[in-house]
Structures are given as structure tokens and as C-alpha cells.
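Enquirer: As input, take input.pdb (PDB, C-alpha atoms, pLDDT in the B column):
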```
ATOM      1  CA  SER A   1       0.000   0.000   0.000  1.00 47.00           C
ATOM      2  CA  ASP A   2       3.102   2.306   0.262  1.00 52.00           C
ATOM      3  CA  VAL A   3       3.465   2.117  -3.501  1.00 54.00           C
ATOM      4  CA  CYS A   4      -0.192   2.990  -3.847  1.00 68.00           C
ATOM      5  CA  SER A   5      -0.024   6.148  -1.681  1.00 77.00           C
ATOM      6  CA  SER A   6       3.126   7.422  -3.469  1.00 78.00           C
ATOM      7  CA  ASP A   7       1.370   6.786  -6.800  1.00 75.00           C
ATOM      8  CA  LEU A   8      -1.677   8.700  -5.578  1.00 80.00           C
ATOM      9  CA  ALA A   9       0.561  11.581  -4.422  1.00 85.00           C
ATOM     10  CA  ALA A  10       2.297  11.600  -7.825  1.00 83.00           C
ATOM     11  CA  LEU A  11      -1.091  11.586  -9.540  1.00 85.00           C
ATOM     12  CA  THR A  12      -2.323  14.512  -7.414  1.00 89.00           C
ATOM     13  CA  GLN A  13       0.856  16.489  -8.204  1.00 91.00           C
ATOM     14  CA  LEU A  14       0.576  15.694 -11.918  1.00 90.00           C
ATOM     15  CA  ASN A  15      -3.028  16.905 -11.958  1.00 90.00           C
ATOM     16  CA  LYS A  16      -1.969  20.147 -10.210  1.00 94.00           C
ATOM     17  CA  ASP A  17       0.832  20.625 -12.750  1.00 94.00           C
ATOM     18  CA  ILE A  18      -1.575  19.982 -15.619  1.00 94.00           C
ATOM     19  CA  GLU A  19      -3.964  22.668 -14.349  1.00 95.00           C
ATOM     20  CA  GLN A  20      -1.038  25.093 -14.026  1.00 96.00           C
ATOM     21  CA  HIS A  21       0.153  24.376 -17.591  1.00 96.00           C
ATOM     22  CA  LYS A  22      -3.386  24.911 -18.899  1.00 96.00           C
ATOM     23  CA  ALA A  23      -3.603  28.226 -17.005  1.00 97.00           C
ATOM     24  CA  ASN A  24      -0.188  29.299 -18.365  1.00 97.00           C
ATOM     25  CA  VAL A  25      -1.267  28.558 -21.937  1.00 97.00           C
ATOM     26  CA  ALA A  26      -4.560  30.448 -21.483  1.00 97.00           C
ATOM     27  CA  GLU A  27      -2.739  33.440 -19.959  1.00 98.00           C
ATOM     28  CA  ALA A  28      -0.122  33.530 -22.751  1.00 97.00           C
ATOM     29  CA  LYS A  29      -2.837  33.330 -25.427  1.00 97.00           C
ATOM     30  CA  LYS A  30      -4.785  36.128 -23.730  1.00 98.00           C
ATOM     31  CA  THR A  31      -1.654  38.312 -23.654  1.00 98.00           C
ATOM     32  CA  MET A  32      -1.060  37.561 -27.355  1.00 98.00           C
ATOM     33  CA  ALA A  33      -4.649  38.476 -28.273  1.00 98.00           C
ATOM     34  CA  THR A  34      -4.505  41.744 -26.313  1.00 98.00           C
ATOM     35  CA  ALA A  35      -1.128  42.661 -27.849  1.00 98.00           C
ATOM     36  CA  THR A  36      -2.429  41.864 -31.351  1.00 98.00           C
ATOM     37  CA  ALA A  37      -5.514  44.048 -30.915  1.00 98.00           C
ATOM     38  CA  LEU A  38      -3.336  46.917 -29.662  1.00 97.00           C
ATOM     39  CA  ARG A  39      -0.813  46.439 -32.523  1.00 98.00           C
ATOM     40  CA  GLU A  40      -3.640  46.592 -35.080  1.00 98.00           C
ATOM     41  CA  LYS A  41      -4.919  49.866 -33.547  1.00 98.00           C
ATOM     42  CA  GLU A  42      -1.410  51.356 -33.509  1.00 97.00           C
ATOM     43  CA  ALA A  43      -0.761  50.274 -37.109  1.00 97.00           C
ATOM     44  CA  ALA A  44      -4.021  51.864 -38.280  1.00 97.00           C
ATOM     45  CA  ALA A  45      -3.243  55.115 -36.455  1.00 97.00           C
ATOM     46  CA  PHE A  46       0.251  55.143 -37.955  1.00 97.00           C
ATOM     47  CA  ALA A  47      -1.099  54.501 -41.462  1.00 97.00           C
ATOM     48  CA  THR A  48      -3.450  57.482 -41.174  1.00 96.00           C
ATOM     49  CA  GLU A  49      -0.893  59.816 -39.621  1.00 95.00           C
ATOM     50  CA  SER A  50       1.934  58.938 -42.005  1.00 96.00           C
ATOM     51  CA  SER A  51      -0.375  59.206 -45.008  1.00 95.00           C
ATOM     52  CA  ASP A  52      -1.529  62.692 -43.891  1.00 92.00           C
ATOM     53  CA  LEU A  53       2.062  63.789 -43.295  1.00 94.00           C
ATOM     54  CA  LYS A  54       3.230  62.475 -46.692  1.00 95.00           C
ATOM     55  CA  THR A  55       0.325  64.266 -48.418  1.00 91.00           C
ATOM     56  CA  ASN A  56       1.137  67.521 -46.584  1.00 91.00           C
ATOM     57  CA  VAL A  57       4.874  67.284 -47.293  1.00 94.00           C
ATOM     58  CA  ALA A  58       4.089  66.734 -51.000  1.00 91.00           C
ATOM     59  CA  ALA A  59       1.669  69.712 -51.051  1.00 88.00           C
ATOM     60  CA  LEU A  60       4.257  71.936 -49.366  1.00 91.00           C
ATOM     61  CA  GLY A  61       6.887  70.780 -51.858  1.00 92.00           C
ATOM     62  CA  LYS A  62       4.643  71.792 -54.774  1.00 87.00           C
ATOM     63  CA  ALA A  63       3.821  75.164 -53.200  1.00 86.00           C
ATOM     64  CA  ILE A  64       7.505  75.912 -52.532  1.00 89.00           C
ATOM     65  CA  ALA A  65       8.481  74.897 -56.087  1.00 88.00           C
ATOM     66  CA  ALA A  66       5.736  77.080 -57.630  1.00 84.00           C
ATOM     67  CA  ILE A  67       6.641  80.138 -55.552  1.00 83.00           C
ATOM     68  CA  GLU A  68      10.384  79.709 -56.144  1.00 83.00           C
ATOM     69  CA  ALA A  69       9.701  79.370 -59.892  1.00 81.00           C
ATOM     70  CA  GLY A  70       7.824  82.660 -59.730  1.00 78.00           C
ATOM     71  CA  THR A  71       4.499  81.019 -60.589  1.00 73.00           C
ATOM     72  CA  PRO A  72       2.523  81.077 -57.348  1.00 73.00           C
ATOM     73  CA  GLY A  73      -0.625  81.761 -59.384  1.00 73.00           C
ATOM     74  CA  SER A  74      -0.694  78.271 -60.890  1.00 71.00           C
ATOM     75  CA  PHE A  75      -0.444  76.775 -57.421  1.00 71.00           C
ATOM     76  CA  LEU A  76      -3.004  79.165 -55.911  1.00 75.00           C
ATOM     77  CA  GLN A  77      -5.577  78.311 -58.590  1.00 76.00           C
ATOM     78  CA  SER A  78      -5.818  74.802 -57.161  1.00 74.00           C
ATOM     79  CA  THR A  79      -8.511  75.105 -54.490  1.00 76.00           C
ATOM     80  CA  ALA A  80      -7.585  71.674 -53.084  1.00 77.00           C
ATOM     81  CA  ALA A  81      -3.958  72.739 -52.634  1.00 77.00           C
ATOM     82  CA  VAL A  82      -4.939  76.060 -51.056  1.00 81.00           C
ATOM     83  CA  SER A  83      -7.435  74.490 -48.634  1.00 82.00           C
ATOM     84  CA  ALA A  84      -4.861  71.834 -47.672  1.00 83.00           C
ATOM     85  CA  LEU A  85      -2.337  74.599 -46.931  1.00 85.00           C
ATOM     86  CA  GLN A  86      -4.931  76.628 -45.018  1.00 85.00           C
ATOM     87  CA  LYS A  87      -5.661  73.604 -42.807  1.00 85.00           C
ATOM     88  CA  MET A  88      -1.934  73.030 -42.279  1.00 86.00           C
ATOM     89  CA  THR A  89      -1.509  76.707 -41.359  1.00 85.00           C
ATOM     90  CA  VAL A  90      -4.166  76.387 -38.654  1.00 82.00           C
ATOM     91  CA  ASP A  91      -2.615  73.200 -37.220  1.00 80.00           C
ATOM     92  CA  ALA A  92       1.055  74.186 -37.568  1.00 82.00           C
ATOM     93  CA  ASP A  93       3.176  75.291 -34.655  1.00 82.00           C
ATOM     94  CA  MET A  94       4.332  78.737 -35.849  1.00 85.00           C
ATOM     95  CA  SER A  95       4.463  82.378 -34.753  1.00 87.00           C
ATOM     96  CA  SER A  96       1.284  84.395 -35.170  1.00 88.00           C
ATOM     97  CA  ALA A  97       3.168  86.791 -37.486  1.00 87.00           C
ATOM     98  CA  ASP A  98       4.106  83.889 -39.803  1.00 88.00           C
ATOM     99  CA  ARG A  99       0.560  82.559 -39.621  1.00 87.00           C
ATOM    100  CA  ASP A 100      -0.842  85.980 -40.607  1.00 87.00           C
ATOM    101  CA  ILE A 101       1.570  86.301 -43.550  1.00 85.00           C
ATOM    102  CA  LEU A 102       0.725  82.826 -44.811  1.00 85.00           C
ATOM    103  CA  THR A 103      -3.022  83.249 -44.292  1.00 85.00           C
ATOM    104  CA  SER A 104      -2.991  86.563 -46.205  1.00 82.00           C
ATOM    105  CA  PHE A 105      -0.971  85.001 -49.017  1.00 82.00           C
ATOM    106  CA  LEU A 106      -3.378  82.080 -49.308  1.00 81.00           C
ATOM    107  CA  SER A 107      -6.527  84.196 -49.196  1.00 79.00           C
ATOM    108  CA  GLU A 108      -5.371  87.098 -51.386  1.00 70.00           C
ATOM    109  CA  GLY A 109      -3.127  85.090 -53.692  1.00 61.00           C
ATOM    110  CA  GLN A 110      -1.388  87.162 -56.373  1.00 55.00           C
ATOM    111  CA  GLY A 111      -2.845  90.356 -54.964  1.00 54.00           C
ATOM    112  CA  TYR A 112      -0.580  89.834 -51.953  1.00 53.00           C
ATOM    113  CA  ALA A 113       2.972  90.997 -52.556  1.00 54.00           C
ATOM    114  CA  PRO A 114       5.390  90.637 -49.623  1.00 55.00           C
ATOM    115  CA  GLN A 115       8.693  88.901 -50.290  1.00 64.00           C
ATOM    116  CA  SER A 116       7.960  85.494 -51.741  1.00 73.00           C
ATOM    117  CA  GLY A 117      11.188  84.542 -49.932  1.00 79.00           C
ATOM    118  CA  GLN A 118       9.417  85.016 -46.623  1.00 86.00           C
ATOM    119  CA  ILE A 119       6.528  82.760 -47.704  1.00 87.00           C
ATOM    120  CA  VAL A 120       8.990  80.151 -49.000  1.00 89.00           C
ATOM    121  CA  GLY A 121      10.876  80.300 -45.683  1.00 91.00           C
ATOM    122  CA  ILE A 122       7.685  79.679 -43.699  1.00 91.00           C
ATOM    123  CA  LEU A 123       6.624  76.827 -45.992  1.00 93.00           C
ATOM    124  CA  LYS A 124      10.092  75.228 -45.858  1.00 94.00           C
ATOM    125  CA  GLN A 125      10.015  75.394 -42.050  1.00 94.00           C
ATOM    126  CA  MET A 126       6.598  73.690 -42.036  1.00 94.00           C
ATOM    127  CA  LYS A 127       7.864  71.048 -44.476  1.00 95.00           C
ATOM    128  CA  ASP A 128      11.006  70.375 -42.382  1.00 96.00           C
ATOM    129  CA  THR A 129       8.890  70.011 -39.233  1.00 94.00           C
ATOM    130  CA  MET A 130       6.510  67.598 -40.948  1.00 94.00           C
ATOM    131  CA  GLU A 131       9.360  65.539 -42.406  1.00 97.00           C
ATOM    132  CA  LYS A 132      10.909  65.312 -38.941  1.00 97.00           C
ATOM    133  CA  THR A 133       7.555  64.261 -37.440  1.00 96.00           C
ATOM    134  CA  LEU A 134       7.122  61.672 -40.201  1.00 97.00           C
ATOM    135  CA  ALA A 135      10.594  60.255 -39.456  1.00 98.00           C
ATOM    136  CA  GLU A 136       9.744  60.106 -35.729  1.00 98.00           C
ATOM    137  CA  VAL A 137       6.384  58.344 -36.167  1.00 97.00           C
ATOM    138  CA  THR A 138       7.962  55.923 -38.652  1.00 98.00           C
ATOM    139  CA  ALA A 139      10.751  55.079 -36.192  1.00 98.00           C
ATOM    140  CA  ALA A 140       8.198  54.643 -33.385  1.00 97.00           C
ATOM    141  CA  GLU A 141       6.121  52.322 -35.593  1.00 98.00           C
ATOM    142  CA  GLU A 142       9.186  50.238 -36.504  1.00 98.00           C
ATOM    143  CA  GLU A 143      10.099  49.946 -32.801  1.00 98.00           C
ATOM    144  CA  ALA A 144       6.518  48.941 -31.914  1.00 98.00           C
ATOM    145  CA  ILE A 145       6.590  46.229 -34.594  1.00 98.00           C
ATOM    146  CA  LYS A 146       9.933  44.929 -33.266  1.00 98.00           C
ATOM    147  CA  ASN A 147       8.609  44.816 -29.681  1.00 98.00           C
ATOM    148  CA  TYR A 148       5.393  43.121 -30.787  1.00 98.00           C
ATOM    149  CA  ASP A 149       7.295  40.470 -32.776  1.00 98.00           C
ATOM    150  CA  ALA A 150       9.584  39.800 -29.789  1.00 98.00           C
ATOM    151  CA  LEU A 151       6.607  39.484 -27.423  1.00 98.00           C
ATOM    152  CA  MET A 152       4.776  37.128 -29.800  1.00 98.00           C
ATOM    153  CA  ALA A 153       7.880  34.942 -30.222  1.00 98.00           C
ATOM    154  CA  ALA A 154       8.354  34.736 -26.426  1.00 98.00           C
ATOM    155  CA  LYS A 155       4.677  33.924 -25.815  1.00 98.00           C
ATOM    156  CA  LYS A 156       4.691  31.305 -28.583  1.00 98.00           C
ATOM    157  CA  LYS A 157       7.695  29.634 -26.891  1.00 98.00           C
ATOM    158  CA  GLU A 158       5.796  29.753 -23.595  1.00 97.00           C
ATOM    159  CA  VAL A 159       2.695  28.175 -25.171  1.00 97.00           C
ATOM    160  CA  ASP A 160       4.794  25.498 -26.915  1.00 97.00           C
ATOM    161  CA  ALA A 161       6.712  24.626 -23.725  1.00 97.00           C
ATOM    162  CA  ASN A 162       3.543  24.429 -21.633  1.00 96.00           C
ATOM    163  CA  THR A 163       1.759  22.390 -24.312  1.00 96.00           C
ATOM    164  CA  ALA A 164       4.661  19.905 -24.491  1.00 96.00           C
ATOM    165  CA  ALA A 165       4.755  19.617 -20.682  1.00 95.00           C
ATOM    166  CA  LEU A 166       0.991  19.190 -20.640  1.00 94.00           C
ATOM    167  CA  GLU A 167       1.091  16.338 -23.170  1.00 93.00           C
ATOM    168  CA  SER A 168       3.928  14.588 -21.339  1.00 93.00           C
ATOM    169  CA  LYS A 169       2.148  14.870 -17.961  1.00 92.00           C
ATOM    170  CA  LEU A 170      -1.186  13.706 -19.375  1.00 90.00           C
ATOM    171  CA  GLU A 171       0.673  10.638 -20.647  1.00 89.00           C
ATOM    172  CA  ARG A 172       2.185  10.100 -17.174  1.00 87.00           C
ATOM    173  CA  VAL A 173      -1.259  10.487 -15.570  1.00 84.00           C
ATOM    174  CA  GLY A 174      -2.509   7.728 -17.856  1.00 82.00           C
ATOM    175  CA  GLN A 175       0.466   5.527 -16.946  1.00 81.00           C
ATOM    176  CA  THR A 176       0.203   6.230 -13.196  1.00 75.00           C
ATOM    177  CA  GLY A 177      -3.521   5.531 -13.336  1.00 71.00           C
ATOM    178  CA  LEU A 178      -2.815   2.160 -14.986  1.00 68.00           C
ATOM    179  CA  ASP A 179      -0.167   1.367 -12.345  1.00 72.00           C
ATOM    180  CA  ILE A 180      -2.655   2.108  -9.568  1.00 68.00           C
ATOM    181  CA  VAL A 181      -5.249  -0.159 -11.209  1.00 66.00           C
ATOM    182  CA  GLU A 182      -2.612  -2.929 -11.599  1.00 68.00           C
ATOM    183  CA  ILE A 183      -1.546  -2.566  -7.938  1.00 65.00           C
ATOM    184  CA  GLY A 184      -5.203  -2.649  -6.874  1.00 64.00           C
ATOM    185  CA  ARG A 185      -5.732  -5.879  -8.859  1.00 67.00           C
ATOM    186  CA  ALA A 186      -2.597  -7.433  -7.369  1.00 66.00           C
ATOM    187  CA  HIS A 187      -3.947  -6.844  -3.872  1.00 63.00           C
ATOM    188  CA  VAL A 188      -7.345  -8.404  -4.563  1.00 58.00           C
TER     189      VAL A 188
END
```
How does the structure come out when it is put into C-alpha cells?
Expert:
Amino acid sequence: SDVCSSDLAALTQLNKDIEQHKANVAEAKKTMATATALREKEAAAFATESSDLKTNVAALGKAIAAIEAGTPGSFLQSTAAVSALQKMTVDADMSSADRDILTSFLSEGQGYAPQSGQIVGILKQMKDTMEKTLAEVTAAEEEAIKNYDALMAAKKKEVDANTAALESKLERVGQTGLDIVEIGRAHV
């Protein structure tokens, strides 16, 4: 009966271990699901932000080129380009003097005649700032992807290890159970 009680103790411990492995797998999978949902949200936000920044940088590039070429009129005739620049002017971090100059230029167009160099300077500053922001959000996105991939790899290892341990212990439970039945028969 000593063999029997040690087998029962082993069986109890195996069953505890099995429950723990199952809990570990469930926890790892929950972490993976949460991380995936967050990564998808971050990726969508990045896609929108980077797309807006690229569009704005391109619009600023066209405006700068037109003004430097001495043809601001062709640029200012595009209502889409002007409204995009007006929106950027509102959102941009700039001095109120610069904002006034740019707003006047955009609303009065060719009728407005301060140095085009001043307008170009303001637009170039906006473009530089946006390019810098774009580089920063791109770097942050790349870092987030790297961290996500590392987390997923670690959690997959955890799931695989717990699953392997689970299978091996379930096998041992079956074997221990058979041993207990055999011992029971031997004592009858």
C-alpha cells in the first residue's frame, strides 16, 4: 500500500501541474490576443498619420516649387492645394506673425505681394517640421513592430513549452492511473 499512496501523491501532483500548464497557456494566449488588438490599432493610427504627413509634405513641396519658380498663381488656382495649406496653417506650430503672412498670401493670392522669400521660408520650415515628425512616427512604428514580434515569439515559446509539458504529464497520468489499477488488482 506504500506504492499505492506514493502513486496517488504523484497523480495529485501531476493533476496540479496539468492545471497550471493549462492556465499558463490560457494566460499567454490572452496576452497575445490583447497585444495583437493593440498592434492593429497602432498600425491603423500610424497609417493614417503617415499618409496625412506624406500628403502635406508633397503639397508643401509643390507650393515651394511654384513660388520659387515665380508662378505662385498656378499653385493658388488649385482650391484643393490652397485648402490643404490653409488647414496646415491652422494646425502648424508657428508664430502668429508667420501665420498671418501665410493666411494673407493664401486668401489674397497674387494680390498679396510681400517677399515670396518670406513665404517660402515659412513653408520650408513647415515642411522640415513635418518631415521630422514623419521620421519620428515611422521610427516609433518600426520599434513597436519589433517589440510586438519579440513578445509574440516569447509567448509562442511559452505556449509550446507548456503544451509539451501538458502532453507529457497527461501521458504520465494515464500511466500512473494504470499502475494504480494494476496494484489494486494485485492486492485483490
Enquirer: For a test of reading the model, state the distance in Å between CA of Ser51 (chain A) and CA of Thr36 (chain A), rounded to one decimal.
Expert: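 Going from CA of Ser51 (chain A) over to CA of Thr36 (chain A) covers 22.2 Å.
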Enquirer: Counting only C-alpha atoms, which of A:Ala135, A:Ile64, A:Ala150, A:Val159 gets nearest to Leu123 (chain A)?
Expert: A:Ile64
Enquirer: Could you spell out the hits of the PyMOL selection byres ((chain A and resi 62) around 12) on the shown file, as an MDAnalysis selection string?
Expert: chainID A and resid 55:61 63:69 71:72 74:76 78 81:82 84:85 120 123:124 127
Enquirer: Could you check how far CA of Asp98 (chain A) sits from CA of Ile119 (chain A), in Å to one decimal?
Expert: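 Going from CA of Asp98 (chain A) over to CA of Ile119 (chain A) covers 8.3 Å.
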Enquirer: Compare A:Ala45, A:Ala28, A:Ala161, A:Ala10 by their minimum atom-to-atom distance to Asp179 (chain A), counting all atoms listed in the file, and give me the closest one.
Expert: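 Of A:Ala45, A:Ala28, A:Ala161, A:Ala10, the one nearest Asp179 (chain A), counting all atoms listed in the file, is A:Ala10.
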Enquirer: Give me the result of the PyMOL selection byres ((chain A and resi 49) around 12) on this file, residue by residue, as a ChimeraX atom specification.
Expert: /A:42-48,50-56,130,133-138,141
Enquirer: Using all atoms listed in the file, which residue out of A:Leu106, A:Met126, A:Ala9, A:Ala35 lies closest to Lys155 (chain A)?
Expert: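 For Lys155 (chain A), the nearest of the given residues is A:Ala35.
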Enquirer: Give me, please, the distance in Å between CA of Leu170 (chain A) and CA of Lys30 (chain A), quoted to one decimal.
Expert: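 These two atoms are separated by 23.1 Å.
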